Amino acid sequence: MSQTASVNWMTMEEALEAQVKNPKKIMIDVYTQWCGPCKMMDKNTFHNADVAQYLNKNYYAVKFDAESPDPVTFKGTKYENPTFDPAKVGRRNGVHQLSRALGVSAYPTIVFLDEDQNVIAPISGYRTPPQLELFLKFFYNNTHKTINTQEGFQDYQNSFVPTW
């Protein structure tokens with residue numbers, strides 16, 4: 001089960017372009033270079049064979065540095081990191097406007113977008129493969145469209161049986 005595999009990571013622009021040709025949901029791993037839990041999640045969760053296989057088949061996977069200096073255009077708006085300082089690479093270094101627009105307030109955060117590039121939900125915190133499986137399947141299967149209360153989600157979570 002703990003075999004290593006690779007997620008086919010894309011840039012935001014690549015995923016948005018691919019989505020136009022072949023609509024799929026997008027999963028964005030929002031991280032920073034200095035974030036320990038982000039590194040652990042990359043190593044322990046995103047290199048898990050089951051996670052990688054499911055992501056590659058069902059989502060466009062984006063790895064987005066929340067402190068990147070590179071501008072990104074999303075839904076017609078250009079987002080930047082106006083306080084980026086090249087001398088601080090690898091340390092806390094401003095916040096990219098896109099991460100704020102996506103509802104990110106902590107790292108790591110996984111943001112799910114639907115096929116129309118609308119934010120479904122930002123999920124913050126480190127996730128193991130079984131914990132991520134719950135969210136990947138919840139959003140992929142559009143279960144979030146029928147469960148709209150905390151109690152409903154708690155019931156879903158309690159009855160979910162992970163396979164990874």
# chains A, B, ... in the order shown; residues from 1 in each chain; ligands from 1
$ closest_atom_pairs --of "segment 57-83 of chain A" --to "segment 94-113 of chain A" --cutoff "9 Å" --atoms "only C-alpha atoms" --output "tab-separated table"
residue	atom	partner	partner_atom	distance
A:Phe64	CA	A:Ser99	CA	8.5
A:Asp65	CA	A:His96	CA	8.2
A:Ala66	CA	A:His96	CA	5.3
A:Glu67	CA	A:Val95	CA	5.1
A:Ser68	CA	A:His96	CA	6.4
A:Pro69	CA	A:His96	CA	7.4
A:Asp70	CA	A:His96	CA	8.6
A:Pro71	CA	A:His96	CA	8.5
A:Val72	CA	A:Leu98	CA	7.4
A:Thr73	CA	A:Leu98	CA	8.7
A:Phe74	CA	A:Leu98	CA	8.0
A:Lys78	CA	A:Leu98	CA	8.5
A:Tyr79	CA	A:Gln97	CA	5.3
A:Glu80	CA	A:Gln97	CA	5.5
A:Asn81	CA	A:His96	CA	4.2
A:Pro82	CA	A:Gly94	CA	7.5
A:Thr83	CA	A:Gly94	CA	5.0
$ write_last_selection --atoms "N, CA and C atoms" --output "PDB file, in the first residue's frame"
ATOM      1  N   PHE A  64       0.757  24.644  -5.798  1.00  0.00           N
ATOM      2  CA  PHE A  64       0.865  26.097  -5.843  1.00  0.00           C
ATOM      3  C   PHE A  64       1.587  26.635  -4.615  1.00  0.00           C
ATOM      4  N   ASP A  65       2.724  27.298  -4.842  1.00  0.00           N
ATOM      5  CA  ASP A  65       3.494  27.926  -3.767  1.00  0.00           C
ATOM      6  C   ASP A  65       2.797  29.232  -3.401  1.00  0.00           C
ATOM      7  N   ALA A  66       2.263  29.295  -2.189  1.00  0.00           N
ATOM      8  CA  ALA A  66       1.494  30.463  -1.743  1.00  0.00           C
ATOM      9  C   ALA A  66       2.353  31.708  -1.566  1.00  0.00           C
ATOM     10  N   GLU A  67       3.659  31.567  -1.739  1.00  0.00           N
ATOM     11  CA  GLU A  67       4.554  32.722  -1.624  1.00  0.00           C
ATOM     12  C   GLU A  67       5.336  32.946  -2.915  1.00  0.00           C
ATOM     13  N   SER A  68       4.853  32.370  -4.001  1.00  0.00           N
ATOM     14  CA  SER A  68       5.513  32.515  -5.298  1.00  0.00           C
ATOM     15  C   SER A  68       5.485  33.967  -5.767  1.00  0.00           C
ATOM     16  N   PRO A  69       6.551  34.403  -6.459  1.00  0.00           N
ATOM     17  CA  PRO A  69       6.542  35.753  -7.017  1.00  0.00           C
ATOM     18  C   PRO A  69       5.835  35.817  -8.376  1.00  0.00           C
ATOM     19  N   ASP A  70       5.493  34.657  -8.938  1.00  0.00           N
ATOM     20  CA  ASP A  70       4.964  34.611 -10.296  1.00  0.00           C
ATOM     21  C   ASP A  70       3.487  35.002 -10.338  1.00  0.00           C
ATOM     22  N   PRO A  71       3.126  35.899 -11.261  1.00  0.00           N
ATOM     23  CA  PRO A  71       1.712  36.260 -11.407  1.00  0.00           C
ATOM     24  C   PRO A  71       0.915  35.100 -11.995  1.00  0.00           C
ATOM     25  N   VAL A  72      -0.360  35.008 -11.595  1.00  0.00           N
ATOM     26  CA  VAL A  72      -1.258  33.978 -12.098  1.00  0.00           C
ATOM     27  C   VAL A  72      -2.571  34.658 -12.468  1.00  0.00           C
ATOM     28  N   THR A  73      -3.076  34.346 -13.650  1.00  0.00           N
ATOM     29  CA  THR A  73      -4.380  34.864 -14.054  1.00  0.00           C
ATOM     30  C   THR A  73      -5.403  33.760 -13.847  1.00  0.00           C
ATOM     31  N   PHE A  74      -6.423  34.068 -13.075  1.00  0.00           N
ATOM     32  CA  PHE A  74      -7.469  33.103 -12.734  1.00  0.00           C
ATOM     33  C   PHE A  74      -8.819  33.786 -12.872  1.00  0.00           C
ATOM     34  N   LYS A  78      -5.745  39.027 -12.605  1.00  0.00           N
ATOM     35  CA  LYS A  78      -4.320  38.747 -12.413  1.00  0.00           C
ATOM     36  C   LYS A  78      -3.989  38.874 -10.927  1.00  0.00           C
ATOM     37  N   TYR A  79      -3.414  37.805 -10.380  1.00  0.00           N
ATOM     38  CA  TYR A  79      -3.032  37.755  -8.969  1.00  0.00           C
ATOM     39  C   TYR A  79      -1.510  37.736  -8.858  1.00  0.00           C
ATOM     40  N   GLU A  80      -0.989  38.438  -7.853  1.00  0.00           N
ATOM     41  CA  GLU A  80       0.453  38.539  -7.666  1.00  0.00           C
ATOM     42  C   GLU A  80       0.808  38.427  -6.189  1.00  0.00           C
ATOM     43  N   ASN A  81       2.096  38.516  -5.914  1.00  0.00           N
ATOM     44  CA  ASN A  81       2.590  38.569  -4.541  1.00  0.00           C
ATOM     45  C   ASN A  81       3.362  39.884  -4.410  1.00  0.00           C
ATOM     46  N   PRO A  82       2.654  40.985  -4.125  1.00  0.00           N
ATOM     47  CA  PRO A  82       3.290  42.307  -4.149  1.00  0.00           C
ATOM     48  C   PRO A  82       4.359  42.523  -3.083  1.00  0.00           C
ATOM     49  N   THR A  83       4.358  41.712  -2.024  1.00  0.00           N
ATOM     50  CA  THR A  83       5.370  41.912  -0.971  1.00  0.00           C
ATOM     51  C   THR A  83       6.488  40.871  -1.030  1.00  0.00           C
TER      52      THR A  83
END
$ select_by_dssp --residues "segment 25-154 of chain A" --states "strand (DSSP E or B)" --output "count of residues only"
32
$ residues_around --residues "Asn22 of chain A" --least-positions-apart "2" --cutoff "12 Å" --atoms "only C-alpha atoms" --output "MDAnalysis selection string"
chainID A and resid 15:20 24:26 58:60 115:116
$ write_last_selection --atoms "N, CA and C atoms" --output "tab-separated table (two decimals), in the first residue's frame"
chain	number	residue	atom	x	y	z
A	15	ALA	N	-3.55	23.53	-15.75
A	15	ALA	CA	-4.79	22.87	-15.32
A	15	ALA	C	-6.02	23.58	-15.88
A	16	LEU	N	-6.01	24.91	-15.84
A	16	LEU	CA	-7.15	25.66	-16.36
A	16	LEU	C	-7.31	25.45	-17.86
A	17	GLU	N	-6.20	25.37	-18.56
A	17	GLU	CA	-6.23	25.13	-20.01
A	17	GLU	C	-6.73	23.71	-20.30
A	18	ALA	N	-6.24	22.73	-19.55
A	18	ALA	CA	-6.67	21.34	-19.74
A	18	ALA	C	-8.15	21.19	-19.43
A	19	GLN	N	-8.62	21.92	-18.44
A	19	GLN	CA	-10.01	21.83	-18.02
A	19	GLN	C	-10.97	22.28	-19.12
A	20	VAL	N	-10.54	23.23	-19.93
A	20	VAL	CA	-11.37	23.71	-21.04
A	20	VAL	C	-11.57	22.59	-22.06
A	24	LYS	N	-12.62	18.49	-15.75
A	24	LYS	CA	-12.42	17.69	-14.54
A	24	LYS	C	-12.32	18.69	-13.40
A	25	LYS	N	-12.53	18.21	-12.21
A	25	LYS	CA	-12.29	19.06	-11.05
A	25	LYS	C	-10.78	19.27	-10.90
A	26	ILE	N	-10.42	20.34	-10.20
A	26	ILE	CA	-9.02	20.64	-9.93
A	26	ILE	C	-8.79	20.56	-8.43
A	58	ASN	N	-8.75	11.27	-11.86
A	58	ASN	CA	-10.00	11.99	-11.64
A	58	ASN	C	-9.90	13.50	-11.49
A	59	TYR	N	-8.70	14.02	-11.32
A	59	TYR	CA	-8.52	15.45	-11.09
A	59	TYR	C	-7.36	15.98	-11.92
A	60	TYR	N	-7.33	17.29	-12.08
A	60	TYR	CA	-6.10	17.97	-12.46
A	60	TYR	C	-5.48	18.42	-11.15
A	115	GLU	N	-15.71	21.91	-12.12
A	115	GLU	CA	-15.38	21.93	-13.54
A	115	GLU	C	-15.52	23.32	-14.17
A	116	ASP	N	-16.18	24.23	-13.46
A	116	ASP	CA	-16.35	25.62	-13.93
A	116	ASP	C	-15.41	26.58	-13.20
$ decode --residues "segment 12-101 of chain A" --atoms "C-alpha atoms" --output "short mmCIF file (atom, residue, chain, number, x, y, z; two decimals), in the first residue's frame"
data_model
loop_
_atom_site.label_atom_id
_atom_site.label_comp_id
_atom_site.auth_asym_id
_atom_site.auth_seq_id
_atom_site.Cartn_x
_atom_site.Cartn_y
_atom_site.Cartn_z
CA MET A 12 -2.50 26.56 -12.42
CA GLU A 13 -2.41 27.78 -16.02
CA GLU A 14 -1.89 24.24 -17.37
CA ALA A 15 -4.79 22.87 -15.32
CA LEU A 16 -7.15 25.66 -16.36
CA GLU A 17 -6.23 25.13 -20.01
CA ALA A 18 -6.67 21.34 -19.74
CA GLN A 19 -10.01 21.83 -18.02
CA VAL A 20 -11.37 23.71 -21.04
CA LYS A 21 -10.57 20.75 -23.33
CA ASN A 22 -11.54 17.99 -20.90
CA PRO A 23 -13.56 19.17 -17.86
CA LYS A 24 -12.42 17.69 -14.54
CA LYS A 25 -12.29 19.06 -11.05
CA ILE A 26 -9.02 20.64 -9.93
CA MET A 27 -7.27 19.88 -6.66
CA ILE A 28 -4.73 22.52 -5.61
CA ASP A 29 -2.07 21.76 -3.01
CA VAL A 30 -1.31 25.21 -1.57
CA TYR A 31 2.01 25.05 0.26
CA THR A 32 5.03 27.14 1.24
CA GLN A 33 8.71 26.22 1.06
CA TRP A 34 9.21 26.59 4.84
CA CYS A 35 6.12 24.59 5.90
CA GLY A 36 7.06 21.32 7.63
CA PRO A 37 3.59 19.71 7.42
CA CYS A 38 3.50 20.62 3.71
CA LYS A 39 6.73 18.69 3.14
CA MET A 40 5.42 15.73 5.16
CA MET A 41 2.19 15.70 3.19
CA ASP A 42 4.09 15.78 -0.08
CA LYS A 43 6.24 12.84 1.02
CA ASN A 44 3.68 10.73 2.91
CA THR A 45 0.40 11.48 1.15
CA PHE A 46 1.04 12.65 -2.41
CA HIS A 47 3.65 9.94 -3.02
CA ASN A 48 1.21 7.24 -1.92
CA ALA A 49 0.40 5.05 -4.95
CA ASP A 50 -3.36 5.01 -4.32
CA VAL A 51 -3.54 8.79 -3.87
CA ALA A 52 -1.43 9.46 -6.97
CA GLN A 53 -3.42 7.03 -9.13
CA TYR A 54 -6.79 8.44 -8.02
CA LEU A 55 -5.68 12.04 -8.47
CA ASN A 56 -4.16 11.43 -11.90
CA LYS A 57 -7.33 9.71 -13.11
CA ASN A 58 -10.00 11.99 -11.64
CA TYR A 59 -8.52 15.45 -11.09
CA TYR A 60 -6.10 17.97 -12.46
CA ALA A 61 -3.58 18.33 -9.65
CA VAL A 62 -1.92 21.69 -9.09
CA LYS A 63 0.95 22.40 -6.71
CA PHE A 64 0.86 26.10 -5.84
CA ASP A 65 3.49 27.93 -3.77
CA ALA A 66 1.49 30.46 -1.74
CA GLU A 67 4.55 32.72 -1.62
CA SER A 68 5.51 32.51 -5.30
CA PRO A 69 6.54 35.75 -7.02
CA ASP A 70 4.96 34.61 -10.30
CA PRO A 71 1.71 36.26 -11.41
CA VAL A 72 -1.26 33.98 -12.10
CA THR A 73 -4.38 34.86 -14.05
CA PHE A 74 -7.47 33.10 -12.73
CA LYS A 75 -11.01 33.77 -13.96
CA GLY A 76 -9.91 36.95 -15.71
CA THR A 77 -8.09 38.47 -12.72
CA LYS A 78 -4.32 38.75 -12.41
CA TYR A 79 -3.03 37.76 -8.97
CA GLU A 80 0.45 38.54 -7.67
CA ASN A 81 2.59 38.57 -4.54
CA PRO A 82 3.29 42.31 -4.15
CA THR A 83 5.37 41.91 -0.97
CA PHE A 84 7.64 39.15 -2.31
CA ASP A 85 11.30 39.74 -1.39
CA PRO A 86 13.89 37.74 -3.41
CA ALA A 87 16.26 37.89 -0.41
CA LYS A 88 13.79 35.87 1.70
CA VAL A 89 13.40 32.79 -0.50
CA GLY A 90 12.75 29.74 1.71
CA ARG A 91 11.45 31.88 4.60
CA ARG A 92 8.09 33.56 5.10
CA ASN A 93 7.79 35.77 2.07
CA GLY A 94 4.56 37.64 1.53
CA VAL A 95 1.33 35.99 0.49
CA HIS A 96 0.26 35.45 -3.09
CA GLN A 97 -3.08 37.13 -3.73
CA LEU A 98 -4.41 33.97 -5.37
CA SER A 99 -4.05 31.98 -2.15
CA ARG A 100 -6.21 34.55 -0.35
CA ALA A 101 -8.74 34.56 -3.22
#
